[in-house]
Amino acid sequence: YFPTYSKQLSPTTQKSYRQQYFGKEGIKEKLGDVYLSDITRQMVQNLVTEYEDKGKSPKTIRNYVKWLSVVFKNAIIDGYLKKDQPNPCEYIRLPKMQSKEGEVYSMEQVKLMLERAKATENINMQLLIALTCLAGGLRRSELIGLRWSDISLNEDNSYIHVERAAVYVEGEVIEKGTKTAAGRRYIPIQPKGIVYEILQSARKLYMKDQSMAED
């Protein structure tokens with residue numbers, strides 16, 4: 001599966017699939033010695049039950065079964081299994097997803113963090129708070145992928161253009177598209193507002209550092 005299909009996947013998805021297969025208590029450890037044609041629905045169901053008993057989250061278990069199901073579908077397409085071979089991952093009783101209310105900082109907490117960052121003249125922390133808490137809540141990967149060329153600080157047209165993401169995989173930073181098409185977006189910035197002022201200060205320091213490096 002990996003040599004044939006991994007290049008079609010994003011780096012983070014590749015890493016996730018490899019972890020599911022090669023990792024501790026992964027698919028290889030549990031079913032690696034069984035031919036695909038011999039894997040039954042009951043074997044997969046037993047694996048789900050085992051993972052539940054060991055405390056794996058419903059989402060993690062569903063990811064295991066989803067990937068295993070993809071492997072079977074591709075095996076049929078590639079001729080490793082007969083077309084009438086039933087997919088043992090179908091009709092599996094999966095644990096229910098647990099809805100969890102997200103935790104967010106209150107505005108009072110954001111103001112306090114920002115005040116402390118300013119008091120210590122920590123521009124990097126100010127920038128982090130501005131972009132994650134006050135400017136549309138950028139994802140971590142979007143934040144890493146952001147460039148100064150994506151930010152306009154013109155007083156009549158100020159915005160952040162989110163068009164890429166970057167992930168850290170096996171010691172290397174890899175750029176990719178945003179998680180969804182809707183993730184490519186423009187975030188307006190209020191001129192002379194808090195986010196605007198922080199970005200402006202950070203960019204001046206960046207340009208200063210670049211100038212010193214060139215000298």
# chains A, B, ... in the order shown; residues from 1 in each chain; ligands from 1
$ select_by_dssp --residues "segment 18-201 of chain A" --states "alpha helix (DSSP H)" --output "PyMOL selection string"
chain A and resi 18-22+27-31+41-53+58-77+107-119+123-129+140-145+194-201
$ write_last_selection --atoms "C-alpha atoms" --output "PDB file, in the first residue's frame"
ATOM      1  CA  ARG A  18       2.295   4.631   9.012  1.00  0.00           C
ATOM      2  CA  GLN A  19       1.763   5.055  12.737  1.00  0.00           C
ATOM      3  CA  GLN A  20      -1.493   3.117  12.542  1.00  0.00           C
ATOM      4  CA  TYR A  21       0.244   0.258  10.746  1.00  0.00           C
ATOM      5  CA  PHE A  22       3.778   0.152  12.155  1.00  0.00           C
ATOM      6  CA  ILE A  27      -2.361  -3.128  12.410  1.00  0.00           C
ATOM      7  CA  LYS A  28       0.911  -4.888  11.579  1.00  0.00           C
ATOM      8  CA  GLU A  29       1.276  -6.186  15.129  1.00  0.00           C
ATOM      9  CA  LYS A  30      -2.346  -7.341  15.303  1.00  0.00           C
ATOM     10  CA  LEU A  31      -3.073  -8.548  11.763  1.00  0.00           C
ATOM     11  CA  ARG A  41     -15.295  -9.040   9.894  1.00  0.00           C
ATOM     12  CA  GLN A  42     -15.140 -10.696  13.317  1.00  0.00           C
ATOM     13  CA  MET A  43     -11.376 -10.221  13.478  1.00  0.00           C
ATOM     14  CA  VAL A  44     -11.773  -6.515  12.786  1.00  0.00           C
ATOM     15  CA  GLN A  45     -14.609  -6.287  15.328  1.00  0.00           C
ATOM     16  CA  ASN A  46     -12.442  -8.006  17.926  1.00  0.00           C
ATOM     17  CA  LEU A  47      -9.670  -5.503  17.192  1.00  0.00           C
ATOM     18  CA  VAL A  48     -12.102  -2.629  17.739  1.00  0.00           C
ATOM     19  CA  THR A  49     -13.176  -4.132  21.061  1.00  0.00           C
ATOM     20  CA  GLU A  50      -9.552  -4.605  22.122  1.00  0.00           C
ATOM     21  CA  TYR A  51      -8.726  -0.995  21.320  1.00  0.00           C
ATOM     22  CA  GLU A  52     -11.783   0.161  23.270  1.00  0.00           C
ATOM     23  CA  ASP A  53     -10.736  -1.909  26.288  1.00  0.00           C
ATOM     24  CA  PRO A  58     -13.444   6.564  19.407  1.00  0.00           C
ATOM     25  CA  LYS A  59     -11.875   8.855  16.790  1.00  0.00           C
ATOM     26  CA  THR A  60      -8.592   6.917  16.862  1.00  0.00           C
ATOM     27  CA  ILE A  61     -10.386   3.580  16.508  1.00  0.00           C
ATOM     28  CA  ARG A  62     -12.467   4.903  13.628  1.00  0.00           C
ATOM     29  CA  ASN A  63      -9.283   6.083  11.910  1.00  0.00           C
ATOM     30  CA  TYR A  64      -7.787   2.589  12.186  1.00  0.00           C
ATOM     31  CA  VAL A  65     -10.860   0.977  10.632  1.00  0.00           C
ATOM     32  CA  LYS A  66     -11.168   3.666   7.955  1.00  0.00           C
ATOM     33  CA  TRP A  67      -7.580   3.163   6.823  1.00  0.00           C
ATOM     34  CA  LEU A  68      -7.921  -0.631   6.881  1.00  0.00           C
ATOM     35  CA  SER A  69     -11.064  -0.339   4.772  1.00  0.00           C
ATOM     36  CA  VAL A  70      -9.179   1.770   2.203  1.00  0.00           C
ATOM     37  CA  VAL A  71      -6.463  -0.890   2.039  1.00  0.00           C
ATOM     38  CA  PHE A  72      -9.069  -3.563   1.213  1.00  0.00           C
ATOM     39  CA  LYS A  73     -10.724  -1.403  -1.450  1.00  0.00           C
ATOM     40  CA  ASN A  74      -7.388  -0.731  -3.133  1.00  0.00           C
ATOM     41  CA  ALA A  75      -6.434  -4.403  -2.912  1.00  0.00           C
ATOM     42  CA  ILE A  76      -9.582  -5.261  -4.895  1.00  0.00           C
ATOM     43  CA  ILE A  77      -8.884  -2.520  -7.457  1.00  0.00           C
ATOM     44  CA  MET A 107     -11.206  38.151  26.410  1.00  0.00           C
ATOM     45  CA  GLU A 108     -10.011  38.952  29.926  1.00  0.00           C
ATOM     46  CA  GLN A 109      -7.447  36.165  29.703  1.00  0.00           C
ATOM     47  CA  VAL A 110      -6.328  37.312  26.242  1.00  0.00           C
ATOM     48  CA  LYS A 111      -5.918  40.891  27.490  1.00  0.00           C
ATOM     49  CA  LEU A 112      -3.888  39.669  30.473  1.00  0.00           C
ATOM     50  CA  MET A 113      -1.565  37.567  28.278  1.00  0.00           C
ATOM     51  CA  LEU A 114      -1.124  40.473  25.908  1.00  0.00           C
ATOM     52  CA  GLU A 115      -0.341  42.903  28.736  1.00  0.00           C
ATOM     53  CA  ARG A 116       2.317  40.575  30.130  1.00  0.00           C
ATOM     54  CA  ALA A 117       3.843  40.008  26.688  1.00  0.00           C
ATOM     55  CA  LYS A 118       4.040  43.767  26.169  1.00  0.00           C
ATOM     56  CA  ALA A 119       5.471  44.339  29.668  1.00  0.00           C
ATOM     57  CA  ILE A 123       7.077  40.668  20.383  1.00  0.00           C
ATOM     58  CA  ASN A 124       6.928  37.009  19.357  1.00  0.00           C
ATOM     59  CA  MET A 125       4.378  36.256  22.064  1.00  0.00           C
ATOM     60  CA  GLN A 126       2.408  39.367  21.142  1.00  0.00           C
ATOM     61  CA  LEU A 127       2.372  38.180  17.541  1.00  0.00           C
ATOM     62  CA  LEU A 128       1.242  34.692  18.523  1.00  0.00           C
ATOM     63  CA  ILE A 129      -1.623  36.027  20.637  1.00  0.00           C
ATOM     64  CA  ARG A 140      -1.039  26.035  13.922  1.00  0.00           C
ATOM     65  CA  SER A 141      -0.181  24.798  10.431  1.00  0.00           C
ATOM     66  CA  GLU A 142      -1.554  28.009   8.880  1.00  0.00           C
ATOM     67  CA  LEU A 143       0.477  30.080  11.294  1.00  0.00           C
ATOM     68  CA  ILE A 144       3.672  28.249  10.356  1.00  0.00           C
ATOM     69  CA  GLY A 145       2.906  28.683   6.656  1.00  0.00           C
ATOM     70  CA  ILE A 194      -4.359  46.029  18.249  1.00  0.00           C
ATOM     71  CA  VAL A 195      -3.566  43.346  15.655  1.00  0.00           C
ATOM     72  CA  TYR A 196      -2.500  45.978  13.118  1.00  0.00           C
ATOM     73  CA  GLU A 197      -0.111  47.672  15.565  1.00  0.00           C
ATOM     74  CA  ILE A 198       1.445  44.363  16.667  1.00  0.00           C
ATOM     75  CA  LEU A 199       1.959  43.207  13.085  1.00  0.00           C
ATOM     76  CA  GLN A 200       3.441  46.534  12.141  1.00  0.00           C
ATOM     77  CA  SER A 201       5.918  46.445  15.042  1.00  0.00           C
TER      78      SER A 201
END
$ select_by_dssp --residues "segment 54-186 of chain A" --states "strand (DSSP E or B)" --output "ChimeraX atom specification"
/A:151-154,157-162,165-169,172-176,185-186
$ closest_residue --among "A:Gly177, A:Ile189, A:Gln14, A:Lys204" --to "Ala130 of chain A" --atoms "only C-alpha atoms"
A:Ile189
$ closest_residue --among "A:Leu134, A:Glu175, A:Gly193, A:Glu170" --to "Leu146 of chain A" --atoms "only C-alpha atoms"
A:Glu175
$ atom_distance --atom1 "atom CA of Ser158 of chain A" --atom2 "atom CA of Lys192 of chain A"
9.8 Å
$ closest_residue --among "A:Ser57, A:Lys83, A:Gln210, A:Glu121" --to "Met97 of chain A" --atoms "only C-alpha atoms"
A:Ser57
$ closest_residue --among "A:Ala181, A:Leu131, A:Met207, A:Ile187" --to "His161 of chain A" --atoms "only C-alpha atoms"
A:Ile187
$ residues_around --residues "Ser6 of chain A" --least-positions-apart "5" --cutoff "10 Å" --atoms "only C-alpha atoms" --output "PyMOL selection string"
chain A and resi 1+11+13-15+17-18
$ residues_around --residues "Tyr186 of chain A" --least-positions-apart "5" --cutoff "9 Å" --atoms "only C-alpha atoms" --output "list in words"
Tyr159, Ile160, His161, Val162 and Glu163 of chain A
$ write_last_selection --atoms "N, CA and C atoms" --output "tab-separated table (two decimals), in the first residue's frame"
chain	number	residue	atom	x	y	z
A	159	TYR	N	-5.17	43.32	5.63
A	159	TYR	CA	-5.70	41.97	5.72
A	159	TYR	C	-4.58	40.95	5.88
A	160	ILE	N	-4.97	39.73	6.26
A	160	ILE	CA	-4.09	38.57	6.27
A	160	ILE	C	-4.65	37.59	5.24
A	161	HIS	N	-3.81	37.17	4.31
A	161	HIS	CA	-4.24	36.22	3.28
A	161	HIS	C	-3.72	34.83	3.65
A	162	VAL	N	-4.63	33.95	4.03
A	162	VAL	CA	-4.26	32.58	4.39
A	162	VAL	C	-4.42	31.72	3.14
A	163	GLU	N	-3.31	31.21	2.60
A	163	GLU	CA	-3.40	30.40	1.38
A	163	GLU	C	-2.56	29.13	1.43
$ atom_distance --atom1 "atom CA of Lys56 of chain A" --atom2 "atom CA of Gly26 of chain A"
11.7 Å
$ atom_distance --atom1 "atom CA of Gly136 of chain A" --atom2 "atom CA of Gly171 of chain A"
28.4 Å
